[in-house]
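Here the structure comes first, spelled out in structure tokens, and everything after it is commentary.
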Amino acid sequence: MRHRIAVVGAGPGGLTLARVLHRHGLPVTVLERDAAPDARPPGGTLDLHEGLGQRALEKAGLLAEFGALSRPEGQAMRILDPDGTVLRDWRPRPDDLANPEIDRGHLRDLLLGPLDVRWGSGVTEVTPEAGGARVRLTDGRQEKYDLVVGADGAWSRVRPALSPATPRYTGVTAVETSLDEVDTRHPGLARLIGDGSLAVYGVHRSLVAQRGSGGHVKVYAQFRAPMSQGAEPGPADAGAVRARLLELYEGWAPPVLDLLRQGTAFVHRPLYVLPVDHTWPHVPGVTLLGDSAHLMPPLGAGANLAMLEGAELGEALAAAPADLDEAVRAHEQRMWPRARRWAEITTTGLNRLVGPDPAEALALFDEVQPE
């Protein structure tokens, strides 16, 4: 039986689900609101964990291609004190493939492959109906599917069909900036960052730089602030944002502050989460995965979980093509406890990384990389 399956959202989780379905010969429609793959900057870099994101790529038949694109050296981590003192300088072994980095754009292109994504197809609402669910699109059209999978992120348009939950602000905002051609234009900062990431932790604030491919670096200033004190996103003069950040990080070592001084554009990204125990009553014809289901602090787990959930759901649907509902029900029961465990881990981690005691951030790193 050839069911009509729609995946809403062409992020890592939705595309992984679609690739696994495609690998098993099952038709799938991917609905994405962006007009084209390059309609927005793809973002920074992701570390794909051996038992999560890499396992998902294996299920999709893409692990070898990932190995050719990934950067194992990007696992390196250097931690500085705000005064510039090097506290930790961890470098992976040449054969360490536990968490290789890959640019989000490269991962997107890898997952897209032969998939036929309907770009510019924004979803406004999903309504469960007998025998499936109805999707309403931004252009006014309506389409009926046997199964609709919401993989459309924090502000999912699919989630209200299952749950009244909405994301809440964590109290932490990240302001993102970028450096290009860092090795030639900013060689001092290139040496400071190294092959992977650089992190500096202070009281209720941190500064993190992550190297991508091609000399591109993403810089994230993370700090605690009420939404009413400028943490909300919106257009702002780059010079004014830079000045505010330099004031916020006043007294930190000049080379560290250069990461902010050299940034030319700044984007506010308040961090939101769903409840750590978020679940929903099972509804035939609709389900969720990734941030749509369990939005958590961005500490390396979210995309990995979304991809593994997409791969597992794809395999389950392929194994039980005559009973989609039972496959989805089992997927949800398997997803919820694992997601809750990671939500608890990342929530605790955010409180330690951007908290009152910088020593807690260093201790957290030592727990993860005890050697």
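Residues in the structure tokens are numbered from 1 in each chain, the chains being A, B, ... in the order shown, and ligands are numbered from 1 in the order shown.
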
Practice task
Using DSSP on the backbone coordinates, identify the residues of stretch 83-229 of chain A assigned to helix (DSSP H, G or I); present them as JSON, numbers by chain.
Solution key: {"A": [104, 105, 106, 107, 108, 109, 110, 111, 112, 159, 160, 161, 182, 183, 184, 185, 187, 188, 189, 190, 191, 192, 193, 213, 214, 215, 227, 228, 229]}

Residues of the last selection are to be written out with C-alpha atoms, as a PDB file, in the first residue's frame.
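Result saved to part.pdb:
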ATOM      1  CA  ARG A 104      25.404  22.583   8.387  1.00  0.00           C
ATOM      2  CA  GLY A 105      25.353  23.481   4.703  1.00  0.00           C
ATOM      3  CA  HIS A 106      27.399  20.426   3.778  1.00  0.00           C
ATOM      4  CA  LEU A 107      25.140  18.185   5.862  1.00  0.00           C
ATOM      5  CA  ARG A 108      22.036  19.662   4.248  1.00  0.00           C
ATOM      6  CA  ASP A 109      23.377  19.040   0.757  1.00  0.00           C
ATOM      7  CA  LEU A 110      24.403  15.502   1.690  1.00  0.00           C
ATOM      8  CA  LEU A 111      20.920  14.704   2.982  1.00  0.00           C
ATOM      9  CA  LEU A 112      19.120  16.381   0.093  1.00  0.00           C
ATOM     10  CA  ARG A 159       2.795  20.914  17.069  1.00  0.00           C
ATOM     11  CA  PRO A 160      -0.580  22.590  17.886  1.00  0.00           C
ATOM     12  CA  ALA A 161      -2.340  19.601  16.302  1.00  0.00           C
ATOM     13  CA  VAL A 182      40.182  33.956   9.464  1.00  0.00           C
ATOM     14  CA  ASP A 183      43.526  32.337   8.603  1.00  0.00           C
ATOM     15  CA  THR A 184      44.536  35.128   6.227  1.00  0.00           C
ATOM     16  CA  ARG A 185      42.602  38.134   7.553  1.00  0.00           C
ATOM     17  CA  PRO A 187      45.840  35.009  11.751  1.00  0.00           C
ATOM     18  CA  GLY A 188      46.171  35.829  15.446  1.00  0.00           C
ATOM     19  CA  LEU A 189      42.569  34.844  16.102  1.00  0.00           C
ATOM     20  CA  ALA A 190      43.025  31.740  13.942  1.00  0.00           C
ATOM     21  CA  ARG A 191      45.877  30.614  16.183  1.00  0.00           C
ATOM     22  CA  LEU A 192      43.864  31.470  19.296  1.00  0.00           C
ATOM     23  CA  ILE A 193      40.885  29.361  18.165  1.00  0.00           C
ATOM     24  CA  SER A 213      35.484  24.899   6.848  1.00  0.00           C
ATOM     25  CA  GLY A 214      37.023  27.442   4.497  1.00  0.00           C
ATOM     26  CA  GLY A 215      38.319  29.709   7.240  1.00  0.00           C
ATOM     27  CA  MET A 227      13.830  39.691  27.475  1.00  0.00           C
ATOM     28  CA  SER A 228      12.913  43.253  28.478  1.00  0.00           C
ATOM     29  CA  GLN A 229      16.595  44.257  28.544  1.00  0.00           C
TER      30      GLN A 229
END

Residues of stretch 297-360 of chain A that have any atom at most 12 Å from an atom of stretch 127-140 of chain A: could you tabulate them with the shortest-distance atom pair and the distance in Å to one decimal, using only C-alpha atoms, ordered by chain and increasing number, as a Markdown table?
| residue | atom | partner | partner_atom | distance |
| --- | --- | --- | --- | --- |
| A:Asp323 | CA | A:Gly131 | CA | 11.6 |
| A:Leu324 | CA | A:Gly132 | CA | 10.1 |
| A:Asp325 | CA | A:Gly132 | CA | 9.5 |

Residues from last step as file, N, CA, C and O atoms, as an mmCIF file, in the first residue's frame:
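Saved the output as result-v2.cif:
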data_model
loop_
_atom_site.group_PDB
_atom_site.id
_atom_site.type_symbol
_atom_site.label_atom_id
_atom_site.label_comp_id
_atom_site.auth_asym_id
_atom_site.auth_seq_id
_atom_site.Cartn_x
_atom_site.Cartn_y
_atom_site.Cartn_z
ATOM 1 N N ASP A 323 0.523 -0.580 8.451
ATOM 2 C CA ASP A 323 -0.011 -0.028 9.701
ATOM 3 C C ASP A 323 0.861 1.137 10.147
ATOM 4 O O ASP A 323 1.674 1.018 11.065
ATOM 5 N N LEU A 324 0.708 2.280 9.491
ATOM 6 C CA LEU A 324 1.482 3.460 9.844
ATOM 7 C C LEU A 324 1.253 3.862 11.298
ATOM 8 O O LEU A 324 2.187 4.243 12.001
ATOM 9 N N ASP A 325 0.024 3.790 11.743
ATOM 10 C CA ASP A 325 -0.305 4.295 13.070
ATOM 11 C C ASP A 325 0.436 3.541 14.164
ATOM 12 O O ASP A 325 0.942 4.145 15.113
#

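For the atom pair formed by atom CA of A:Asp96 and atom CA of A:Ser70, the distance is 12.2 Å, given to one decimal.
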
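Residues within 7 Å of A:Leu147, counting only C-alpha atoms and excluding same-chain residues fewer than 6 positions away, are Arg4, Ile5, Ala6, Gly132, Ala133, Gly285 and Val286 of chain A.
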
Problem - Backbone-only DSSP, strand (DSSP E or B) members of stretch 117-209 of chain A, as an MDAnalysis selection string - result: chainID A and resid 117:119 123:129 132:137 142:145 147:150 168:179 197:202 205:209

Problem - Contacts of A:Val203 within 10 Å, only C-alpha atoms, excl. fewer than 6 positions in-chain, as a PyMOL selection string - result: chain A and resi 82+223-224+353-359

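For the pair atom CA of A:Ala56 and atom CA of A:Ala154, the interatomic distance is 21.2 Å.
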
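Ranking A:Gln262, A:Leu271, A:Val30, A:Gln222 by their shortest atom-to-atom distance to A:Val148, with only C-alpha atoms included, puts A:Val30 first.
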
Hey, which bits of stretch 169-194 of chain A sit within 9 Å of stretch 216-219 of chain A, and for each residue what's the closest pair of atoms and how far apart in Å (one decimal), counting only C-alpha atoms, rows by chain and increasing number, as CSV?
residue,atom,partner,partner_atom,distance
A:Val175,CA,A:Val219,CA,8.2
A:Glu176,CA,A:Val219,CA,5.7
A:Thr177,CA,A:Val219,CA,5.2
A:Ser178,CA,A:Lys218,CA,4.6
A:Leu179,CA,A:Val217,CA,5.1
A:Asp180,CA,A:His216,CA,4.6
A:Glu181,CA,A:His216,CA,5.9
A:Val182,CA,A:His216,CA,6.4
A:Asp183,CA,A:His216,CA,8.9
A:Ala190,CA,A:Val217,CA,8.9

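Atom pair atom CA of A:Ala18 / atom CA of A:Ser163: separated by 23.7 Å.
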
Show me, as JSON lines, the residues of stretch 290-329 of chain A having an atom within 12 Å of stretch 279-282 of chain A, each with the closest atom pair and its distance in Å, using only C-alpha atoms.
{"residue": "A:Ser292", "atom": "CA", "partner": "A:Thr279", "partner_atom": "CA", "distance": 11.1}
{"residue": "A:Ala293", "atom": "CA", "partner": "A:Thr279", "partner_atom": "CA", "distance": 7.7}
{"residue": "A:His294", "atom": "CA", "partner": "A:Thr279", "partner_atom": "CA", "distance": 8.5}
{"residue": "A:Leu295", "atom": "CA", "partner": "A:Thr279", "partner_atom": "CA", "distance": 11.8}
{"residue": "A:Asp325", "atom": "CA", "partner": "A:His282", "partner_atom": "CA", "distance": 9.3}
{"residue": "A:Glu326", "atom": "CA", "partner": "A:His282", "partner_atom": "CA", "distance": 10.3}
{"residue": "A:Ala327", "atom": "CA", "partner": "A:His282", "partner_atom": "CA", "distance": 11.7}
{"residue": "A:Val328", "atom": "CA", "partner": "A:His282", "partner_atom": "CA", "distance": 8.8}
{"residue": "A:Arg329", "atom": "CA", "partner": "A:His282", "partner_atom": "CA", "distance": 6.7}

Practice task
Just the residues within 9 Å of A:Trp336, please, counting only C-alpha atoms, with nothing from its chain fewer than 2 positions along; format it as an NGL selection string.
Solution key: :A and (277-279 or 293-294 or 331-334 or 338-341)

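By chain and then residue number, the residues within 10 Å of A:Ala39 are Arg33, Asp34, Trp119 and Gly120 of chain A, counting only C-alpha atoms and disregarding those fewer than 5 positions away in sequence.
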
Dump of N, CA, C and O atoms for the selected residues, as a PDB file, in the first residue's frame:
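Writing done, so here's out_38.pdb:
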ATOM      1  N   ARG A  33       9.270  25.857   3.956  1.00  0.00           N
ATOM      2  CA  ARG A  33       8.849  27.242   3.725  1.00  0.00           C
ATOM      3  C   ARG A  33       9.909  28.066   3.000  1.00  0.00           C
ATOM      4  O   ARG A  33       9.573  29.000   2.269  1.00  0.00           O
ATOM      5  N   ASP A  34      11.202  27.764   3.181  1.00  0.00           N
ATOM      6  CA  ASP A  34      12.251  28.503   2.472  1.00  0.00           C
ATOM      7  C   ASP A  34      12.067  28.344   0.971  1.00  0.00           C
ATOM      8  O   ASP A  34      11.706  27.266   0.482  1.00  0.00           O
ATOM      9  N   TRP A 119      10.114  23.441  -2.220  1.00  0.00           N
ATOM     10  CA  TRP A 119      10.566  24.704  -1.622  1.00  0.00           C
ATOM     11  C   TRP A 119       9.471  25.759  -1.750  1.00  0.00           C
ATOM     12  O   TRP A 119       8.661  25.740  -2.674  1.00  0.00           O
ATOM     13  N   GLY A 120       9.463  26.679  -0.804  1.00  0.00           N
ATOM     14  CA  GLY A 120       8.455  27.732  -0.815  1.00  0.00           C
ATOM     15  C   GLY A 120       7.073  27.251  -0.451  1.00  0.00           C
ATOM     16  O   GLY A 120       6.076  27.899  -0.784  1.00  0.00           O
TER      17      GLY A 120
END

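When only C-alpha atoms are used to measure the gap to A:Pro284, the shortest distance among A:Gly122, A:Ile79, A:Gly25, A:Val149 belongs to A:Val149.
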
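Using only C-alpha atoms, the protein and nucleic acid residues lying no more than 12 Å from A:Asp89, apart from those fewer than 4 places from it along its own chain, are A:Gln75, A:Ala76, A:Met77, A:Arg78, A:Ile79, A:Leu80, A:Asp81, A:Thr85, A:Leu192, A:Ile193, A:Gly194, A:Asp195, A:Gly196, A:Ser197, A:Leu198, A:Ala199, A:Leu362, A:Phe365, A:Asp366, A:Gln369, A:Glu371.
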
Save out the residues we just selected, all heavy atoms, as a compact mmCIF listing (two decimals), in the first residue's frame.
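Generated file (result.txt):
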# COMPACT_ATOMS: atom_id res chain seq x y z
N GLN A 75 36.95 18.56 16.47
CA GLN A 75 36.57 18.18 17.84
C GLN A 75 37.44 18.87 18.89
O GLN A 75 37.11 18.85 20.08
CB GLN A 75 36.68 16.66 18.02
CG GLN A 75 35.78 15.86 17.09
CD GLN A 75 36.08 14.37 17.16
OE1 GLN A 75 35.48 13.64 17.92
NE2 GLN A 75 37.02 13.90 16.34
N ALA A 76 38.57 19.45 18.46
CA ALA A 76 39.49 20.09 19.40
C ALA A 76 38.76 21.18 20.20
O ALA A 76 37.89 21.87 19.69
CB ALA A 76 40.67 20.70 18.64
N MET A 77 39.15 21.32 21.47
CA MET A 77 38.50 22.29 22.35
C MET A 77 39.55 22.97 23.22
O MET A 77 40.35 22.31 23.90
CB MET A 77 37.47 21.60 23.24
CG MET A 77 36.69 22.54 24.13
SD MET A 77 35.56 23.55 23.16
CE MET A 77 34.71 24.48 24.44
N ARG A 78 39.55 24.30 23.19
CA ARG A 78 40.46 25.09 24.02
C ARG A 78 39.61 25.98 24.92
O ARG A 78 38.68 26.64 24.46
CB ARG A 78 41.37 25.94 23.14
CG ARG A 78 42.41 26.76 23.90
CD ARG A 78 43.36 27.43 22.91
NE ARG A 78 44.17 26.44 22.23
CZ ARG A 78 44.76 26.63 21.04
NH1 ARG A 78 44.60 27.79 20.41
NH2 ARG A 78 45.51 25.69 20.51
N ILE A 79 39.91 25.97 26.21
CA ILE A 79 39.18 26.78 27.18
C ILE A 79 40.14 27.78 27.82
O ILE A 79 41.22 27.41 28.30
CB ILE A 79 38.52 25.91 28.26
CG1 ILE A 79 37.56 24.90 27.62
CG2 ILE A 79 37.77 26.78 29.27
CD1 ILE A 79 36.91 23.97 28.61
N LEU A 80 39.74 29.05 27.82
CA LEU A 80 40.53 30.12 28.42
C LEU A 80 39.81 30.72 29.61
O LEU A 80 38.58 30.74 29.67
CB LEU A 80 40.80 31.25 27.40
CG LEU A 80 41.43 30.90 26.06
CD1 LEU A 80 41.69 32.19 25.28
CD2 LEU A 80 42.71 30.12 26.25
N ASP A 81 40.59 31.25 30.53
CA ASP A 81 40.07 32.11 31.57
C ASP A 81 39.83 33.49 30.94
O ASP A 81 40.47 33.84 29.94
CB ASP A 81 41.09 32.21 32.71
CG ASP A 81 40.51 32.89 33.93
OD1 ASP A 81 39.77 32.22 34.67
OD2 ASP A 81 40.80 34.09 34.14
N THR A 85 44.34 33.20 30.20
CA THR A 85 45.08 32.01 30.60
C THR A 85 44.45 30.76 30.00
O THR A 85 43.22 30.58 30.06
CB THR A 85 45.10 31.87 32.13
OG1 THR A 85 45.68 33.04 32.71
CG2 THR A 85 45.90 30.66 32.56
N LEU A 192 44.53 31.51 17.99
CA LEU A 192 43.86 31.47 19.30
C LEU A 192 42.78 30.40 19.31
O LEU A 192 42.65 29.63 20.27
CB LEU A 192 43.25 32.84 19.61
CG LEU A 192 42.56 32.98 20.96
CD1 LEU A 192 43.59 32.98 22.09
CD2 LEU A 192 41.72 34.28 21.01
N ILE A 193 42.00 30.32 18.23
CA ILE A 193 40.88 29.36 18.17
C ILE A 193 41.39 27.94 17.97
O ILE A 193 40.85 26.99 18.54
CB ILE A 193 39.93 29.76 17.02
CG1 ILE A 193 39.31 31.13 17.31
CG2 ILE A 193 38.83 28.70 16.84
CD1 ILE A 193 38.63 31.74 16.11
N GLY A 194 42.42 27.76 17.17
CA GLY A 194 42.92 26.42 16.87
C GLY A 194 42.06 25.73 15.81
O GLY A 194 41.40 26.38 15.01
N ASP A 195 42.08 24.41 15.81
CA ASP A 195 41.38 23.63 14.78
C ASP A 195 39.90 23.45 15.05
O ASP A 195 39.16 23.05 14.15
CB ASP A 195 42.01 22.24 14.65
CG ASP A 195 43.41 22.29 14.06
OD1 ASP A 195 43.69 23.23 13.30
OD2 ASP A 195 44.21 21.37 14.37
N GLY A 196 39.46 23.68 16.28
CA GLY A 196 38.08 23.38 16.62
C GLY A 196 37.37 24.55 17.25
O GLY A 196 37.03 25.53 16.58
N SER A 197 37.15 24.47 18.56
CA SER A 197 36.39 25.50 19.27
C SER A 197 37.20 26.11 20.38
O SER A 197 38.10 25.49 20.95
CB SER A 197 35.10 24.90 19.86
OG SER A 197 34.25 24.42 18.85
N LEU A 198 36.87 27.35 20.68
CA LEU A 198 37.45 28.10 21.80
C LEU A 198 36.31 28.55 22.70
O LEU A 198 35.28 29.03 22.19
CB LEU A 198 38.21 29.32 21.28
CG LEU A 198 38.68 30.33 22.34
CD1 LEU A 198 39.92 29.79 23.05
CD2 LEU A 198 38.97 31.68 21.70
N ALA A 199 36.44 28.37 24.00
CA ALA A 199 35.40 28.81 24.93
C ALA A 199 36.03 29.56 26.09
O ALA A 199 37.09 29.18 26.59
CB ALA A 199 34.60 27.61 25.45
N LEU A 362 34.10 24.57 33.60
CA LEU A 362 35.32 23.81 33.42
C LEU A 362 35.15 22.38 33.92
O LEU A 362 35.60 21.42 33.29
CB LEU A 362 36.47 24.49 34.16
CG LEU A 362 37.87 23.99 33.85
CD1 LEU A 362 38.22 24.25 32.38
CD2 LEU A 362 38.89 24.69 34.75
N PHE A 365 33.31 20.27 31.37
CA PHE A 365 34.18 19.82 30.30
C PHE A 365 35.02 18.62 30.76
O PHE A 365 35.19 17.66 30.01
CB PHE A 365 35.10 20.95 29.84
CG PHE A 365 36.14 20.51 28.85
CD1 PHE A 365 35.81 20.33 27.51
CD2 PHE A 365 37.44 20.25 29.24
CE1 PHE A 365 36.76 19.90 26.60
CE2 PHE A 365 38.40 19.82 28.34
CZ PHE A 365 38.06 19.64 27.02
N ASP A 366 35.56 18.69 31.96
CA ASP A 366 36.38 17.59 32.47
C ASP A 366 35.59 16.30 32.62
O ASP A 366 36.14 15.21 32.47
CB ASP A 366 37.00 17.99 33.81
CG ASP A 366 38.10 19.04 33.67
OD1 ASP A 366 38.62 19.20 32.56
OD2 ASP A 366 38.41 19.71 34.67
N GLN A 369 35.33 15.09 28.89
CA GLN A 369 36.63 14.71 28.34
C GLN A 369 37.60 14.46 29.52
O GLN A 369 38.50 15.26 29.76
CB GLN A 369 37.18 15.82 27.45
CG GLN A 369 36.32 16.14 26.25
CD GLN A 369 36.35 15.03 25.20
OE1 GLN A 369 37.05 14.06 25.34
NE2 GLN A 369 35.56 15.21 24.16
N GLU A 371 40.06 12.57 30.01
CA GLU A 371 41.50 12.36 29.77
C GLU A 371 42.22 13.66 29.62
O GLU A 371 43.44 13.70 29.59
CB GLU A 371 41.72 11.49 28.53
CG GLU A 371 41.38 12.17 27.21
CD GLU A 371 39.95 11.89 26.78
OE1 GLU A 371 39.10 11.61 27.62
OE2 GLU A 371 39.70 11.96 25.57

Exercise for the section: May I ask which of the residues A:Pro226, A:Gly310, A:Pro42, A:Gly263 is the closest one to A:Thr173, counting only C-alpha atoms? Expected result: A:Pro226

Handout entry: Distance criterion (only C-alpha atoms): nearest to A:Gly153 out of A:Leu288, A:Leu62, A:Met307, A:Ala343
Key = A:Leu288

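The nearest approach to A:Pro12 among the residues A:Leu48, A:Val86, A:Ala68, A:Val276, with only C-alpha atoms taken into account, belongs to A:Leu48.
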